>>> print(open('entry_34.pdb').read())   # PDB, C-alpha atoms
MODEL        1
ATOM      1  CA  MET K   1     300.522 138.747 -23.675  1.00  0.00           C
ATOM      2  CA  ALA K   2     299.328 141.777 -21.725  1.00  0.00           C
ATOM      3  CA  ALA K   3     298.436 141.091 -18.104  1.00  0.00           C
ATOM      4  CA  VAL K   4     297.752 142.813 -14.798  1.00  0.00           C
ATOM      5  CA  VAL K   5     299.193 141.558 -11.515  1.00  0.00           C
ATOM      6  CA  ILE K   6     297.416 142.782  -8.391  1.00  0.00           C
ATOM      7  CA  LEU K   7     299.423 142.821  -5.167  1.00  0.00           C
ATOM      8  CA  GLN K   8     296.730 142.360  -2.579  1.00  0.00           C
ATOM      9  CA  ASP K   9     299.042 143.181   0.313  1.00  0.00           C
ATOM     10  CA  LYS K  10     299.405 146.700  -1.126  1.00  0.00           C
ATOM     11  CA  CYS K  11     295.735 147.249  -1.975  1.00  0.00           C
ATOM     12  CA  VAL K  12     294.062 149.523   0.591  1.00  0.00           C
ATOM     13  CA  GLY K  13     290.543 149.126  -0.806  1.00  0.00           C
ATOM     14  CA  CYS K  14     290.239 152.825  -1.619  1.00  0.00           C
ATOM     15  CA  GLY K  15     288.289 152.320  -4.854  1.00  0.00           C
ATOM     16  CA  ALA K  16     290.470 154.751  -6.833  1.00  0.00           C
ATOM     17  CA  CYS K  17     290.692 152.175  -9.640  1.00  0.00           C
ATOM     18  CA  SER K  18     286.909 152.130 -10.033  1.00  0.00           C
ATOM     19  CA  ILE K  19     286.639 155.925 -10.045  1.00  0.00           C
ATOM     20  CA  ALA K  20     289.563 156.324 -12.455  1.00  0.00           C
ATOM     21  CA  CYS K  21     288.072 153.741 -14.818  1.00  0.00           C
ATOM     22  CA  LYS K  22     284.746 155.568 -14.908  1.00  0.00           C
ATOM     23  CA  LYS K  23     286.515 158.856 -15.667  1.00  0.00           C
ATOM     24  CA  GLU K  24     288.772 157.410 -18.360  1.00  0.00           C
ATOM     25  CA  ASN K  25     286.109 155.347 -20.121  1.00  0.00           C
ATOM     26  CA  ASN K  26     282.947 157.455 -19.627  1.00  0.00           C
ATOM     27  CA  VAL K  27     281.181 154.652 -17.746  1.00  0.00           C
ATOM     28  CA  ASP K  28     277.621 155.493 -16.777  1.00  0.00           C
ATOM     29  CA  THR K  29     276.142 155.541 -13.280  1.00  0.00           C
ATOM     30  CA  GLY K  30     275.343 152.100 -11.881  1.00  0.00           C
ATOM     31  CA  MET K  31     277.878 150.350 -14.124  1.00  0.00           C
ATOM     32  CA  PHE K  32     281.489 149.413 -13.435  1.00  0.00           C
ATOM     33  CA  TRP K  33     284.244 148.135 -15.700  1.00  0.00           C
ATOM     34  CA  SER K  34     286.554 148.076 -12.688  1.00  0.00           C
ATOM     35  CA  HIS K  35     284.860 146.914  -9.501  1.00  0.00           C
ATOM     36  CA  HIS K  36     285.508 144.798  -6.400  1.00  0.00           C
ATOM     37  CA  GLN K  37     284.277 141.929  -4.265  1.00  0.00           C
ATOM     38  CA  VAL K  38     284.124 142.092  -0.465  1.00  0.00           C
ATOM     39  CA  TYR K  39     284.093 139.036   1.794  1.00  0.00           C
ATOM     40  CA  LEU K  40     283.789 138.655   5.548  1.00  0.00           C
ATOM     41  CA  ASN K  41     285.070 135.280   6.685  1.00  0.00           C
ATOM     42  CA  GLY K  42     284.799 133.694  10.116  1.00  0.00           C
ATOM     43  CA  THR K  43     282.576 134.207  13.138  1.00  0.00           C
ATOM     44  CA  PHE K  44     282.580 137.278  15.366  1.00  0.00           C
ATOM     45  CA  PRO K  45     284.871 138.310  16.975  1.00  0.00           C
ATOM     46  CA  ASP K  46     287.334 136.282  14.881  1.00  0.00           C
ATOM     47  CA  VAL K  47     286.441 137.813  11.519  1.00  0.00           C
ATOM     48  CA  GLN K  48     288.646 138.397   8.481  1.00  0.00           C
ATOM     49  CA  PHE K  49     287.895 141.007   5.828  1.00  0.00           C
ATOM     50  CA  GLU K  50     288.895 140.462   2.207  1.00  0.00           C
ATOM     51  CA  TYR K  51     288.716 143.016  -0.606  1.00  0.00           C
ATOM     52  CA  ILE K  52     289.283 141.749  -4.150  1.00  0.00           C
ATOM     53  CA  PRO K  53     289.557 144.289  -7.002  1.00  0.00           C
ATOM     54  CA  THR K  54     287.939 142.967 -10.185  1.00  0.00           C
ATOM     55  CA  MET K  55     287.914 143.775 -13.893  1.00  0.00           C
ATOM     56  CA  CYS K  56     287.587 141.877 -17.145  1.00  0.00           C
ATOM     57  CA  ASN K  57     290.127 139.055 -16.870  1.00  0.00           C
ATOM     58  CA  HIS K  58     291.076 139.191 -20.574  1.00  0.00           C
ATOM     59  CA  CYS K  59     291.286 135.410 -20.499  1.00  0.00           C
ATOM     60  CA  THR K  60     293.587 133.484 -22.818  1.00  0.00           C
ATOM     61  CA  ASP K  61     290.763 131.035 -23.503  1.00  0.00           C
ATOM     62  CA  ALA K  62     287.931 133.509 -23.002  1.00  0.00           C
ATOM     63  CA  ALA K  63     284.514 131.876 -22.725  1.00  0.00           C
ATOM     64  CA  CYS K  64     282.878 134.916 -24.326  1.00  0.00           C
ATOM     65  CA  VAL K  65     285.155 134.614 -27.384  1.00  0.00           C
ATOM     66  CA  ARG K  66     284.758 130.843 -27.549  1.00  0.00           C
ATOM     67  CA  VAL K  67     280.968 130.875 -27.756  1.00  0.00           C
ATOM     68  CA  CYS K  68     280.485 134.036 -29.824  1.00  0.00           C
ATOM     69  CA  PRO K  69     279.127 133.080 -33.273  1.00  0.00           C
ATOM     70  CA  THR K  70     279.725 136.525 -34.794  1.00  0.00           C
ATOM     71  CA  SER K  71     283.360 137.163 -33.751  1.00  0.00           C
ATOM     72  CA  ALA K  72     282.047 140.190 -31.854  1.00  0.00           C
ATOM     73  CA  MET K  73     284.246 139.072 -28.958  1.00  0.00           C
ATOM     74  CA  HIS K  74     287.819 138.660 -30.149  1.00  0.00           C
ATOM     75  CA  LYS K  75     291.467 138.828 -29.100  1.00  0.00           C
ATOM     76  CA  ASP K  76     293.720 141.634 -30.298  1.00  0.00           C
ATOM     77  CA  GLU K  77     297.471 141.643 -30.960  1.00  0.00           C
ATOM     78  CA  ASN K  78     298.208 142.334 -27.275  1.00  0.00           C
ATOM     79  CA  GLY K  79     296.028 139.472 -26.062  1.00  0.00           C
ATOM     80  CA  LEU K  80     293.277 141.795 -24.841  1.00  0.00           C
ATOM     81  CA  THR K  81     289.700 140.546 -25.074  1.00  0.00           C
ATOM     82  CA  LEU K  82     287.805 143.172 -27.071  1.00  0.00           C
ATOM     83  CA  HIS K  83     284.314 143.347 -28.518  1.00  0.00           C
ATOM     84  CA  ASP K  84     282.088 144.843 -31.150  1.00  0.00           C
ATOM     85  CA  PRO K  85     279.337 146.523 -29.090  1.00  0.00           C
ATOM     86  CA  ASN K  86     276.878 146.190 -31.971  1.00  0.00           C
ATOM     87  CA  LYS K  87     277.128 142.387 -32.132  1.00  0.00           C
ATOM     88  CA  CYS K  88     278.211 140.875 -28.899  1.00  0.00           C
ATOM     89  CA  MET K  89     276.324 138.650 -26.470  1.00  0.00           C
ATOM     90  CA  MET K  90     277.252 137.714 -22.910  1.00  0.00           C
ATOM     91  CA  ALA K  91     278.804 134.409 -21.828  1.00  0.00           C
ATOM     92  CA  CYS K  92     281.281 135.602 -19.194  1.00  0.00           C
ATOM     93  CA  PRO K  93     281.686 133.440 -16.045  1.00  0.00           C
ATOM     94  CA  TYR K  94     282.954 136.510 -14.142  1.00  0.00           C
ATOM     95  CA  ASP K  95     279.895 138.723 -14.666  1.00  0.00           C
ATOM     96  CA  VAL K  96     281.986 141.694 -15.838  1.00  0.00           C
ATOM     97  CA  ILE K  97     280.095 142.544 -19.027  1.00  0.00           C
ATOM     98  CA  ASN K  98     277.513 145.317 -18.697  1.00  0.00           C
ATOM     99  CA  TYR K  99     274.401 145.877 -20.762  1.00  0.00           C
ATOM    100  CA  ASN K 100     273.137 149.332 -21.652  1.00  0.00           C
ATOM    101  CA  LYS K 101     269.415 148.785 -21.285  1.00  0.00           C
ATOM    102  CA  PRO K 102     267.403 150.483 -24.025  1.00  0.00           C
ATOM    103  CA  ASN K 103     264.624 151.741 -21.755  1.00  0.00           C
ATOM    104  CA  VAL K 104     266.465 153.676 -19.021  1.00  0.00           C
ATOM    105  CA  ASP K 105     267.424 157.351 -18.880  1.00  0.00           C
ATOM    106  CA  ARG K 106     271.079 158.294 -19.015  1.00  0.00           C
ATOM    107  CA  SER K 107     272.207 159.882 -15.761  1.00  0.00           C
ATOM    108  CA  TRP K 108     273.273 163.069 -17.570  1.00  0.00           C
ATOM    109  CA  ASP K 109     269.819 163.405 -19.179  1.00  0.00           C
ATOM    110  CA  SER K 110     267.997 163.260 -15.860  1.00  0.00           C
ATOM    111  CA  THR K 111     265.544 166.012 -14.995  1.00  0.00           C
ATOM    112  CA  LYS K 112     265.383 164.924 -11.343  1.00  0.00           C
ATOM    113  CA  THR K 113     266.686 167.248  -8.617  1.00  0.00           C
ATOM    114  CA  ILE K 114     267.987 166.405  -5.151  1.00  0.00           C
ATOM    115  CA  ILE K 115     266.055 169.304  -3.580  1.00  0.00           C
ATOM    116  CA  SER K 116     262.948 170.477  -5.396  1.00  0.00           C
ATOM    117  CA  ASP K 117     263.078 174.134  -6.557  1.00  0.00           C
ATOM    118  CA  CYS K 118     266.582 174.428  -5.128  1.00  0.00           C
ATOM    119  CA  THR K 119     269.211 172.286  -6.837  1.00  0.00           C
ATOM    120  CA  SER K 120     269.694 171.903 -10.567  1.00  0.00           C
ATOM    121  CA  SER K 121     269.067 168.707 -12.457  1.00  0.00           C
ATOM    122  CA  ALA K 122     271.729 167.138 -14.677  1.00  0.00           C
ATOM    123  CA  LYS K 123     269.742 168.278 -17.705  1.00  0.00           C
ATOM    124  CA  GLU K 124     269.703 171.899 -16.503  1.00  0.00           C
ATOM    125  CA  MET K 125     273.460 171.821 -15.855  1.00  0.00           C
ATOM    126  CA  GLN K 126     273.926 170.421 -19.326  1.00  0.00           C
ATOM    127  CA  GLU K 127     271.980 173.283 -20.890  1.00  0.00           C
ATOM    128  CA  LYS K 128     273.650 176.015 -18.806  1.00  0.00           C
ATOM    129  CA  THR K 129     277.242 174.844 -19.290  1.00  0.00           C
ATOM    130  CA  GLY K 130     276.921 173.717 -22.886  1.00  0.00           C
ATOM    131  CA  GLU K 131     278.540 170.381 -21.975  1.00  0.00           C
ATOM    132  CA  PRO K 132     276.393 167.525 -23.384  1.00  0.00           C
ATOM    133  CA  VAL K 133     278.032 164.883 -21.162  1.00  0.00           C
ATOM    134  CA  PRO K 134     279.727 165.659 -17.827  1.00  0.00           C
ATOM    135  CA  TYR K 135     283.377 164.619 -17.279  1.00  0.00           C
ATOM    136  CA  TYR K 136     283.669 163.338 -20.842  1.00  0.00           C
ATOM    137  CA  ASN K 137     287.017 161.883 -21.947  1.00  0.00           C
ATOM    138  CA  ALA K 138     287.399 162.193 -25.714  1.00  0.00           C
ATOM    139  CA  ASP K 139     290.440 159.859 -25.721  1.00  0.00           C
ATOM    140  CA  ARG K 140     288.105 156.897 -25.280  1.00  0.00           C
ATOM    141  CA  GLU K 141     286.853 157.473 -28.833  1.00  0.00           C
ATOM    142  CA  ALA K 142     290.195 156.340 -30.284  1.00  0.00           C
ATOM    143  CA  THR K 143     289.064 152.707 -30.433  1.00  0.00           C
ATOM    144  CA  TYR K 144     285.432 152.598 -29.194  1.00  0.00           C
ATOM    145  CA  PRO K 145     282.494 154.991 -29.124  1.00  0.00           C
ATOM    146  CA  GLY K 146     283.032 157.533 -26.369  1.00  0.00           C
ATOM    147  CA  ILE K 147     279.538 156.786 -25.095  1.00  0.00           C
ATOM    148  CA  ARG K 148     278.147 153.382 -25.944  1.00  0.00           C
ATOM    149  CA  GLU K 149     274.641 153.294 -27.395  1.00  0.00           C
ATOM    150  CA  LYS K 150     271.633 152.004 -25.498  1.00  0.00           C
ATOM    151  CA  GLY K 151     270.864 148.369 -26.160  1.00  0.00           C
ATOM    152  CA  THR K 152     274.535 147.382 -26.522  1.00  0.00           C
ATOM    153  CA  VAL K 153     277.044 145.748 -24.197  1.00  0.00           C
ATOM    154  CA  GLU K 154     280.285 147.174 -22.870  1.00  0.00           C
ATOM    155  CA  LYS K 155     283.164 146.054 -20.670  1.00  0.00           C
ATOM    156  CA  CYS K 156     286.724 146.744 -19.576  1.00  0.00           C
ATOM    157  CA  THR K 157     289.114 146.886 -22.532  1.00  0.00           C
ATOM    158  CA  MET K 158     292.196 147.178 -20.291  1.00  0.00           C
ATOM    159  CA  CYS K 159     292.361 150.696 -21.742  1.00  0.00           C
ATOM    160  CA  ASP K 160     293.347 149.395 -25.177  1.00  0.00           C
ATOM    161  CA  HIS K 161     293.382 153.008 -26.429  1.00  0.00           C
ATOM    162  CA  ARG K 162     296.202 153.729 -23.947  1.00  0.00           C
ATOM    163  CA  VAL K 163     298.039 150.420 -24.390  1.00  0.00           C
ATOM    164  CA  LYS K 164     298.242 150.976 -28.150  1.00  0.00           C
ATOM    165  CA  ASN K 165     300.151 154.188 -27.395  1.00  0.00           C
ATOM    166  CA  GLY K 166     302.587 152.555 -24.965  1.00  0.00           C
ATOM    167  CA  LEU K 167     300.731 153.644 -21.827  1.00  0.00           C
ATOM    168  CA  GLU K 168     299.428 151.586 -18.915  1.00  0.00           C
ATOM    169  CA  PRO K 169     295.731 151.031 -18.231  1.00  0.00           C
ATOM    170  CA  TYR K 170     294.517 154.020 -16.249  1.00  0.00           C
ATOM    171  CA  CYS K 171     293.560 151.923 -13.190  1.00  0.00           C
ATOM    172  CA  VAL K 172     297.238 150.871 -12.984  1.00  0.00           C
ATOM    173  CA  THR K 173     298.560 154.411 -13.384  1.00  0.00           C
ATOM    174  CA  ILE K 174     296.177 155.934 -10.836  1.00  0.00           C
ATOM    175  CA  CYS K 175     296.565 153.370  -8.015  1.00  0.00           C
ATOM    176  CA  PRO K 176     298.012 155.341  -5.046  1.00  0.00           C
ATOM    177  CA  ALA K 177     299.410 152.184  -3.431  1.00  0.00           C
ATOM    178  CA  GLU K 178     300.974 150.869  -6.661  1.00  0.00           C
ATOM    179  CA  ALA K 179     299.059 147.652  -6.096  1.00  0.00           C
ATOM    180  CA  ARG K 180     298.536 147.039  -9.823  1.00  0.00           C
ATOM    181  CA  VAL K 181     301.316 146.120 -12.227  1.00  0.00           C
ATOM    182  CA  PHE K 182     300.803 145.959 -15.991  1.00  0.00           C
ATOM    183  CA  GLY K 183     303.183 144.063 -18.234  1.00  0.00           C
ATOM    184  CA  ASP K 184     303.870 141.623 -21.038  1.00  0.00           C
ATOM    185  CA  LEU K 185     304.013 138.027 -19.805  1.00  0.00           C
ATOM    186  CA  ASP K 186     305.873 137.038 -22.984  1.00  0.00           C
ATOM    187  CA  ASP K 187     308.745 139.207 -21.721  1.00  0.00           C
ATOM    188  CA  PRO K 188     310.450 137.407 -18.808  1.00  0.00           C
ATOM    189  CA  THR K 189     312.060 140.681 -17.719  1.00  0.00           C
ATOM    190  CA  SER K 190     308.798 142.621 -17.365  1.00  0.00           C
ATOM    191  CA  LYS K 191     307.811 143.528 -13.817  1.00  0.00           C
ATOM    192  CA  ALA K 192     304.615 141.491 -14.163  1.00  0.00           C
ATOM    193  CA  SER K 193     306.579 138.383 -15.183  1.00  0.00           C
ATOM    194  CA  LEU K 194     309.083 138.884 -12.376  1.00  0.00           C
ATOM    195  CA  LEU K 195     306.307 139.157  -9.797  1.00  0.00           C
ATOM    196  CA  LEU K 196     304.686 135.941 -11.005  1.00  0.00           C
ATOM    197  CA  SER K 197     308.031 134.152 -10.879  1.00  0.00           C
ATOM    198  CA  LYS K 198     308.624 135.371  -7.331  1.00  0.00           C
ATOM    199  CA  TYR K 199     305.203 134.842  -5.755  1.00  0.00           C
ATOM    200  CA  GLU K 200     302.577 132.134  -5.955  1.00  0.00           C
ATOM    201  CA  SER K 201     299.603 133.613  -7.760  1.00  0.00           C
ATOM    202  CA  LYS K 202     295.916 132.880  -8.030  1.00  0.00           C
ATOM    203  CA  VAL K 203     293.198 133.752 -10.500  1.00  0.00           C
ATOM    204  CA  LEU K 204     289.449 134.050 -10.062  1.00  0.00           C
ATOM    205  CA  LYS K 205     287.381 130.953 -10.839  1.00  0.00           C
ATOM    206  CA  PRO K 206     290.231 128.732 -12.073  1.00  0.00           C
ATOM    207  CA  GLU K 207     287.667 125.941 -12.501  1.00  0.00           C
ATOM    208  CA  ALA K 208     286.238 127.857 -15.476  1.00  0.00           C
ATOM    209  CA  GLY K 209     289.386 126.964 -17.441  1.00  0.00           C
ATOM    210  CA  THR K 210     289.644 130.379 -19.083  1.00  0.00           C
ATOM    211  CA  HIS K 211     293.255 131.170 -18.039  1.00  0.00           C
ATOM    212  CA  PRO K 212     292.762 134.799 -16.934  1.00  0.00           C
ATOM    213  CA  ALA K 213     295.353 137.495 -17.606  1.00  0.00           C
ATOM    214  CA  VAL K 214     294.605 139.126 -14.243  1.00  0.00           C
ATOM    215  CA  HIS K 215     296.645 137.529 -11.448  1.00  0.00           C
ATOM    216  CA  TYR K 216     296.546 138.068  -7.689  1.00  0.00           C
ATOM    217  CA  VAL K 217     299.621 137.730  -5.462  1.00  0.00           C
ATOM    218  CA  ARG K 218     300.167 137.993  -1.707  1.00  0.00           C
ATOM    219  CA  SER K 219     297.089 138.450   0.517  1.00  0.00           C
ATOM    220  CA  TYR K 220     294.867 141.370   1.489  1.00  0.00           C
TER
ENDMDL
END
>>> encode(input="entry_34.pdb", output="structure tokens")
Amino acid sequence: MAAVVILQDKCVGCGACSIACKKENNVDTGMFWSHHQVYLNGTFPDVQFEYIPTMCNHCTDAACVRVCPTSAMHKDENGLTLHDPNKCMMACPYDVINYNKPNVDRSWDSTKTIISDCTSSAKEMQEKTGEPVPYYNADREATYPGIREKGTVEKCTMCDHRVKNGLEPYCVTICPAEARVFGDLDDPTSKASLLLSKYESKVLKPEAGTHPAVHYVRSY
């Protein structure tokens, strides 16, 4: 089963995973497949800061798969939780599924300018460069639409288009601190398995009973 182990003691909170995910998966403005939670614990001046990277947990017993009447949410051969964007509904306890609202403008179609009569709008840049969508990654189209339609849902696929070709999810590859480790938990010799055998791990919302495939070790 594919899994990601996040070493929180290595994470520097730079947000490279979120930026890389947007670039790899053509994620629109205001939406994140890879995100984070920030907590401040304690009372000043004794305050502790905690930064928790988040993504779809690709749960073994995924609530979204369990309740879906159309099989839109399903598990693939690697244990990844995938979806049919034309069918699926949301039932995720982790709030990591995004909805492309049907009545909002795409950021790249915007005619708004930062400085009136001075800077170009996204639409003008589109027309002048001949690029219909900025920073578009065509590789995403291998398994899902490169740009998801309005009125459909989308979420982290753990870069299934890369995993199918023997590559790591892009957020793992791009992490400058090597705080993310991808591996097969069915292989006891994988680095992910070895980390979980060495360190006590935790998952988000264990009370949900979904058995996430994203594990956290050490502390931030």
>>> residues_around(input="entry_34.pdb", residues="stretch 176-188 of chain K", least_positions_apart="6", cutoff="6 Å", atoms="all atoms listed in the file", output="list in words")
Met1, Ala2, Ala3, Val4, Val5, Ile6, Leu7, Lys10 and Cys11 of chain K
>>> resolve_selection(input="entry_34.pdb", expression="the PyMOL selection byres ((chain K and resi 55-68) around 7)", output="PyMOL selection string")
chain K and resi 33-35+54+69-74+80-81+90-92+96+156+210-214
>>> closest_atom_pairs(input="entry_34.pdb", of="stretch 13-63 of chain K", to="stretch 142-149 of chain K", cutoff="9 Å", atoms="all atoms listed in the file", output="tab-separated table")
residue	atom	partner	partner_atom	distance
K:Asn25	CA	K:Gly146	CA	7.3
K:Asn26	CA	K:Ile147	CA	6.5
K:Val27	CA	K:Ile147	CA	7.8
K:Asp28	CA	K:Ile147	CA	8.6
>>> write_last_selection(input="entry_34.pdb", atoms="C-alpha atoms", output="mmCIF file, in the coordinates of the input")
data_model
loop_
_atom_site.group_PDB
_atom_site.id
_atom_site.type_symbol
_atom_site.label_atom_id
_atom_site.label_comp_id
_atom_site.auth_asym_id
_atom_site.auth_seq_id
_atom_site.Cartn_x
_atom_site.Cartn_y
_atom_site.Cartn_z
ATOM 1 C CA ASN K 25 286.109 155.347 -20.121
ATOM 2 C CA ASN K 26 282.947 157.455 -19.627
ATOM 3 C CA VAL K 27 281.181 154.652 -17.746
ATOM 4 C CA ASP K 28 277.621 155.493 -16.777
#
>>> atom_distance(input="entry_34.pdb", atom1="atom CA of K:Val153", atom2="atom CA of K:Asn78")
21.7 Å
>>> closest_residue(input="entry_34.pdb", among="K:Asp9, K:Asp84, K:Glu207, K:Glu168", to="K:Thr152", atoms="all atoms listed in the file")
K:Asp84
>>> atom_distance(input="entry_34.pdb", atom1="atom CA of K:Pro102", atom2="atom CA of K:Lys150")
4.7 Å
